[in-house]
Amino acid sequence: MAKIIGIDLGTTNSCVAVMEGGQPKVIPNAEGDRLTPSVVDPVKNLVGAQARRQILVNPKNTVHAVKRLVGRRFSDPMVSKAMDMVPYKIVKGENDLAVIEVEGQTYTPQEISAKILGKLKTDAEEYLGEEVREAVITVPAYFDDSQRQATKEAGQIAGLKVKRIVNEPTASAMAYGLEKKENEQIAVYDLGGGTFDISILEIGEGVFEVKSTNGDTFLGGEDFDKRVIDYLLSEFKKDQGIDLSTDSQAMQRLKDAAEKAKIELSSKQETEVNIPYITVADSGPKHLTIKLTRAKLEQLTDDLVEKTLEPCKKALKDAGLKPSEIEQVILVGGQTRMPKIVEVVKELFGREPHKGVNPDEVVGVGAAVQAGVLSGEVKDVLLLDVTPLTLGIETLGGVRTSLIERNTTVPTSKTQIFSTAAANQTSVEVNILQGEREMAADNKSLGRFMLDGIPPSPRGVPQIEVKFDIDANGILNVTAKDKATNKEQSIRVTGSTGLDKAEVEKMTRDAEAHAEEDRKRKEQVEARNIADNLCYTAEKTLKDAGDKVSKELKGEVEEKVKTIRSVLATASTEDLKQKTEDLSQSLQKVGQTMYGAAGQPGAQPGGQTPPPPPPGGGSDQPKKPSDEGEVKEGEVVE
Amino acid sequence: MIKKDKNIIKKDREENQEGSEKSFEEKYKRARADYVNLERRIKKQQGEFLKFANSVLITKLLPLLDDLEKAAAMEKDSGVSLVLKKFKEVVKSDGVEEIKVKVGDKFNPEIMECAVAEGNEEKPKVLEVIRKGYKVREKILRPVQVRVGGKNGKNNRN
């Protein structure tokens, strides 16, 4: 079944998103950007960033802000206003509708919008790897029927069947999942690059109703930037006596720096605008370095922020609501990242606004959610569970070896091969653990079972395959199988995912609190395992070598093995590591001697492999209860 | 001026209710398709990531390069020029190339961005490079910012 895409067809920028695996995802365009400028040159067929770059060169051919014309009559006051603002030619077309004339040819606003939609469609197809035929497109809540119809037509021209036209504030509410609410009043505060919109919605029984809208079509983030630029210009003039406003290079650098500073002040209290060599005077090169604080920025833009409040109050009044009756507040548009905006909005409605969705993408994301509702993807979202805590088994020395990490989405399974810790060990115990601690004893045991009947063999040789499998219902099946005999045992644990939230939090906190001490303990056990394993290897090597090794060397190795064994349970990690290293050195001498002796033919030990250094390691441990998990980590099979 | 509009989501949901039972196979197929597509995309992105891994950092460093260029042009001492040379060598080693544009070139929006326009010529030409542009292979990190205009460049664009 083909995908339905969600499109925020904006005045300045547009955004396309799609539901994927039950989650809305913004689709980057061919240039790699998540927003596409709503700018079109219909003659050269340029759309997006490329068209925007030539606005000044080709003012009469570069159509932007066409959304202000869509579905409007030529006599509409908004059209005359637009005509004053844009350099391209707007003329009267069929049925008195406003159309655009470029190089003698007329284009309807729908045709221009269709170019933008067409690019979004192509980019979405490239991303999805499949054809896209259907879309949900958003429009401002105040759009009338003819504007909505025109938007629909734009979609058709672009080869898209428009499944729904959705109001932008409704889409924003859907981006935050508010369609599930019942009888709530929602305020959507949308401060974009060039326009401000406030909408009051009511959601009830799956129906969104726009109760009122208000705003300012000529107020946005660009005005904020301009304030910063003007401030920097005047400061520089005050300081250096130089007017930079006529220097196009300096102005360009200033514009970039001003926007950067504004953005930085959303997360920092202070920033420095630093433009070295901004200009050259008789006295030499000049640099611009001006400190800008968040407080200063707020002071510079105070009236702009204030200007948004009046429409909010009007909208509330029109909706017949008091600020305190608003139950959900949503912020849309990049400029709402400014902490001061969040603050005043919070103050006005007495409520913390929703956070989480990128404010530039809220509308597009919401359109994708609506598209998902239409295709049935949203309703059917499979709520995939995760394992809240790590699942693993106890291994040699009481260490927890994890098989399935916490937050893994289920259903899932994992298989790993373990082995025995002692020679002729015929059974292993599998102790299933849940939790985040490094040592087995600190985790919760979900169950344990024995696998016996393992043929007697040297330690490290048997291959015990342990499989953890969690099904969609959170039921954990643990199976241990001896690969030699195919004998297996298993256990079923229910409720491994359905943990009490408080319990999960407690266990996670505990793990964090004990992280360092757990790490040390684990390190100690590992050092012990390695030391013990090397002792075993050393003994086997000496046995295999027979009389090829001198008595002195043999004695040296035996002595060191003895020393390690005597302190194995008590020595510090460092000490043990040092002693292990010592033994390893001596053992290397044995190896050298053996290779030296193996020069003559026939000396190759048939079927006898050189002492393998098994991974991990182990030996008979003092039989503490927690040391009974005689399986140790080996290679991962999958 | 207030235009009320209803947006019906419940209806959309209900429409989908019908036939939702029969489409388990379809849902499975869709989930599989999403997954296969995701895998394919990740593979592709990994390739691109390796190719353009540094472009984010380099793009952030470009203003520094601009500053150094300015400094080298204005300072008499050759020290800054040496630093600039070194800096350029570093970015070049990661495949970053300056987009070459000269005065008199025809304006090309694929690689250029017009910051100032003078005159209203049919075939606008570059009068000045305001800020250099850079690319990594064919990916534009930053377009060249230019001042364009015709022969008798007068500011009468509107």
# chains A, B, ... in the order shown; residues from 1 in each chain; ligands from 1

$ interface_residues --of "chain A" --to "chain B" --cutoff "7 Å" --atoms "only C-alpha atoms" --output "PDB file with N, CA and C atoms, in the first residue's frame"
ATOM      1  N   MET A   1       0.839  -1.192   0.000  1.00  0.00           N
ATOM      2  CA  MET A   1       0.000   0.000   0.000  1.00  0.00           C
ATOM      3  C   MET A   1       0.876   1.245   0.000  1.00  0.00           C
ATOM      4  N   GLU A  20       6.390   6.545   9.277  1.00  0.00           N
ATOM      5  CA  GLU A  20       7.267   5.415   8.999  1.00  0.00           C
ATOM      6  C   GLU A  20       7.387   4.597  10.272  1.00  0.00           C
ATOM      7  N   GLY A  21       6.989   3.356  10.171  1.00  0.00           N
ATOM      8  CA  GLY A  21       7.018   2.508  11.353  1.00  0.00           C
ATOM      9  C   GLY A  21       6.213   3.106  12.491  1.00  0.00           C
ATOM     10  N   GLN A  50      17.634  27.106  -4.767  1.00  0.00           N
ATOM     11  CA  GLN A  50      18.224  27.711  -5.966  1.00  0.00           C
ATOM     12  C   GLN A  50      17.421  28.912  -6.449  1.00  0.00           C
ATOM     13  N   ALA A  51      16.111  28.786  -6.388  1.00  0.00           N
ATOM     14  CA  ALA A  51      15.265  29.903  -6.802  1.00  0.00           C
ATOM     15  C   ALA A  51      15.426  31.070  -5.834  1.00  0.00           C
ATOM     16  N   ARG A  53      18.009  31.906  -4.145  1.00  0.00           N
ATOM     17  CA  ARG A  53      19.300  32.587  -4.295  1.00  0.00           C
ATOM     18  C   ARG A  53      19.273  33.652  -5.385  1.00  0.00           C
ATOM     19  N   GLN A  54      18.299  33.553  -6.284  1.00  0.00           N
ATOM     20  CA  GLN A  54      18.300  34.497  -7.392  1.00  0.00           C
ATOM     21  C   GLN A  54      17.184  35.543  -7.269  1.00  0.00           C
ATOM     22  N   LEU A  56      17.020  38.386  -5.916  1.00  0.00           N
ATOM     23  CA  LEU A  56      17.419  39.759  -6.193  1.00  0.00           C
ATOM     24  C   LEU A  56      17.837  39.963  -7.642  1.00  0.00           C
ATOM     25  N   VAL A  57      18.422  38.931  -8.242  1.00  0.00           N
ATOM     26  CA  VAL A  57      18.877  39.046  -9.627  1.00  0.00           C
ATOM     27  C   VAL A  57      17.706  39.041 -10.584  1.00  0.00           C
ATOM     28  N   PRO A  87       8.175  42.004  -6.172  1.00  0.00           N
ATOM     29  CA  PRO A  87       8.576  42.632  -7.435  1.00  0.00           C
ATOM     30  C   PRO A  87       8.000  41.942  -8.672  1.00  0.00           C
ATOM     31  N   LEU A 128      11.715   7.631  -0.097  1.00  0.00           N
ATOM     32  CA  LEU A 128      10.964   6.420   0.231  1.00  0.00           C
ATOM     33  C   LEU A 128      11.267   5.262  -0.710  1.00  0.00           C
ATOM     34  N   TYR A 142      -7.712  30.315   8.591  1.00  0.00           N
ATOM     35  CA  TYR A 142      -8.601  31.343   8.046  1.00  0.00           C
ATOM     36  C   TYR A 142      -8.817  31.220   6.532  1.00  0.00           C
ATOM     37  N   VAL A 166      -5.972  20.146   5.717  1.00  0.00           N
ATOM     38  CA  VAL A 166      -6.040  20.240   7.178  1.00  0.00           C
ATOM     39  C   VAL A 166      -5.599  21.628   7.619  1.00  0.00           C
ATOM     40  N   GLY A 206     -13.136  13.476  18.658  1.00  0.00           N
ATOM     41  CA  GLY A 206     -12.427  13.254  17.401  1.00  0.00           C
ATOM     42  C   GLY A 206     -12.617  14.351  16.378  1.00  0.00           C
ATOM     43  N   VAL A 207     -13.184  15.471  16.792  1.00  0.00           N
ATOM     44  CA  VAL A 207     -13.390  16.577  15.851  1.00  0.00           C
ATOM     45  C   VAL A 207     -12.671  17.816  16.380  1.00  0.00           C
ATOM     46  N   PHE A 208     -11.852  18.410  15.506  1.00  0.00           N
ATOM     47  CA  PHE A 208     -11.223  19.675  15.868  1.00  0.00           C
ATOM     48  C   PHE A 208     -12.088  20.802  15.343  1.00  0.00           C
ATOM     49  N   GLU A 209     -12.356  21.761  16.183  1.00  0.00           N
ATOM     50  CA  GLU A 209     -13.053  22.937  15.685  1.00  0.00           C
ATOM     51  C   GLU A 209     -12.209  24.166  15.955  1.00  0.00           C
ATOM     52  N   VAL A 210     -11.999  24.961  14.897  1.00  0.00           N
ATOM     53  CA  VAL A 210     -11.262  26.197  15.078  1.00  0.00           C
ATOM     54  C   VAL A 210     -12.248  27.232  15.605  1.00  0.00           C
ATOM     55  N   LYS A 211     -12.042  27.647  16.844  1.00  0.00           N
ATOM     56  CA  LYS A 211     -12.985  28.585  17.464  1.00  0.00           C
ATOM     57  C   LYS A 211     -12.678  30.020  17.053  1.00  0.00           C
ATOM     58  N   SER A 212     -11.410  30.339  16.922  1.00  0.00           N
ATOM     59  CA  SER A 212     -11.060  31.691  16.495  1.00  0.00           C
ATOM     60  C   SER A 212      -9.612  31.728  16.030  1.00  0.00           C
ATOM     61  N   THR A 213      -9.324  32.704  15.182  1.00  0.00           N
ATOM     62  CA  THR A 213      -7.935  32.915  14.778  1.00  0.00           C
ATOM     63  C   THR A 213      -7.659  34.408  14.786  1.00  0.00           C
ATOM     64  N   GLN A 249      29.467  43.889   1.674  1.00  0.00           N
ATOM     65  CA  GLN A 249      30.166  42.739   2.255  1.00  0.00           C
ATOM     66  C   GLN A 249      30.020  42.716   3.761  1.00  0.00           C
ATOM     67  N   PRO A 276      36.045  39.810  12.764  1.00  0.00           N
ATOM     68  CA  PRO A 276      37.327  40.497  12.570  1.00  0.00           C
ATOM     69  C   PRO A 276      37.436  41.045  11.146  1.00  0.00           C
ATOM     70  N   TYR A 277      38.202  42.077  10.982  1.00  0.00           N
ATOM     71  CA  TYR A 277      38.452  42.692   9.674  1.00  0.00           C
ATOM     72  C   TYR A 277      37.160  43.018   8.936  1.00  0.00           C
ATOM     73  N   PRO A 285      42.960  48.099   9.714  1.00  0.00           N
ATOM     74  CA  PRO A 285      41.785  47.233   9.737  1.00  0.00           C
ATOM     75  C   PRO A 285      40.962  47.411  11.010  1.00  0.00           C
ATOM     76  N   VAL A 373      -3.466   8.684   9.787  1.00  0.00           N
ATOM     77  CA  VAL A 373      -4.833   8.340  10.189  1.00  0.00           C
ATOM     78  C   VAL A 373      -5.604   7.847   8.968  1.00  0.00           C
ATOM     79  N   LEU A 374      -5.410   8.547   7.851  1.00  0.00           N
ATOM     80  CA  LEU A 374      -6.119   8.183   6.624  1.00  0.00           C
ATOM     81  C   LEU A 374      -5.708   6.825   6.080  1.00  0.00           C
ATOM     82  N   GLY A 376      -4.623   4.520   7.805  1.00  0.00           N
ATOM     83  CA  GLY A 376      -4.840   3.487   8.809  1.00  0.00           C
ATOM     84  C   GLY A 376      -3.599   3.171   9.609  1.00  0.00           C
TER      85      GLY A 376
END

$ select_by_dssp --residues "region 13-197 of chain A" --states "alpha helix (DSSP H)" --output "number ranges by chain"
A: 49-53, 77-85, 109-128, 145-157, 168-175

$ closest_residue --among "B:Val56, B:Leu65, B:Ile42, B:Glu138" --to "Lys86 (chain B)" --atoms "only C-alpha atoms"
B:Leu65

$ residues_around --residues "region 447-462 of chain A" --least-positions-apart "6" --cutoff "7 Å" --atoms "only C-alpha atoms" --output "list in words"
Ser419, Thr420, Ala421, Ala422, Ala423, Asn424, Gln425, Thr426, Ser427, Val428, Glu429, Val430, Asn431, Ile432, Ala480, Asp482, Glu488, Gln489 and Pro614 of chain A

$ write_last_selection --atoms "C-alpha atoms" --output "PDB file, in the first residue's frame"
ATOM      1  CA  SER A 419      31.259 -23.214  27.939  1.00  0.00           C
ATOM      2  CA  THR A 420      32.238 -25.038  31.097  1.00  0.00           C
ATOM      3  CA  ALA A 421      34.540 -23.724  33.783  1.00  0.00           C
ATOM      4  CA  ALA A 422      35.950 -26.980  35.049  1.00  0.00           C
ATOM      5  CA  ALA A 423      37.241 -30.178  33.510  1.00  0.00           C
ATOM      6  CA  ASN A 424      34.724 -32.990  33.297  1.00  0.00           C
ATOM      7  CA  GLN A 425      31.921 -30.699  34.311  1.00  0.00           C
ATOM      8  CA  THR A 426      28.743 -32.457  33.225  1.00  0.00           C
ATOM      9  CA  SER A 427      26.178 -29.862  34.065  1.00  0.00           C
ATOM     10  CA  VAL A 428      25.756 -26.115  33.937  1.00  0.00           C
ATOM     11  CA  GLU A 429      23.299 -23.980  35.777  1.00  0.00           C
ATOM     12  CA  VAL A 430      21.638 -21.162  33.937  1.00  0.00           C
ATOM     13  CA  ASN A 431      20.562 -18.376  36.274  1.00  0.00           C
ATOM     14  CA  ILE A 432      18.440 -15.809  34.428  1.00  0.00           C
ATOM     15  CA  ALA A 480      20.293 -23.945  26.839  1.00  0.00           C
ATOM     16  CA  ASP A 482      24.616 -28.698  24.400  1.00  0.00           C
ATOM     17  CA  GLU A 488      18.415 -29.028  25.777  1.00  0.00           C
ATOM     18  CA  GLN A 489      16.576 -27.496  28.672  1.00  0.00           C
ATOM     19  CA  PRO A 614      40.351 -19.819  25.989  1.00  0.00           C
TER      20      PRO A 614
END

$ residues_around --residues "Leu542 (chain A)" --least-positions-apart "2" --cutoff "10 Å" --atoms "only C-alpha atoms" --output "PyMOL selection string"
chain A and resi 537-540+544-549+553-554+557-558+587+590-591+611

$ atom_distance --atom1 "CA of Leu348 (chain A)" --atom2 "CA of Ala367 (chain A)"
27.6 Å

$ atom_distance --atom1 "CA of Thr541 (chain A)" --atom2 "CA of Val399 (chain A)"
27.9 Å

$ closest_residue --among "A:Asp239, A:Glu306, A:Asp123, A:Glu405" --to "Ala30 (chain A)" --atoms "only C-alpha atoms"
A:Asp123

$ atom_distance --atom1 "CA of Glu182 (chain A)" --atom2 "CA of Val362 (chain A)"
21.1 Å

$ select_by_dssp --residues "region 323-496 of chain A" --states "strand (DSSP E)" --output "PyMOL selection string"
chain A and resi 328-332+391-395+399-404+412-420+428-434+444-451+464-470+476-482+488-493

$ residues_around --residues "Glu574 (chain A)" --least-positions-apart "4" --cutoff "10 Å" --atoms "only C-alpha atoms" --output "VMD selection string"
chain A and resid 523 to 524 527 578 to 580

$ closest_residue --among "B:Tyr134, B:Tyr28, B:Phe87, B:Phe49" --to "Lys100 (chain B)" --atoms "only C-alpha atoms"
B:Tyr134
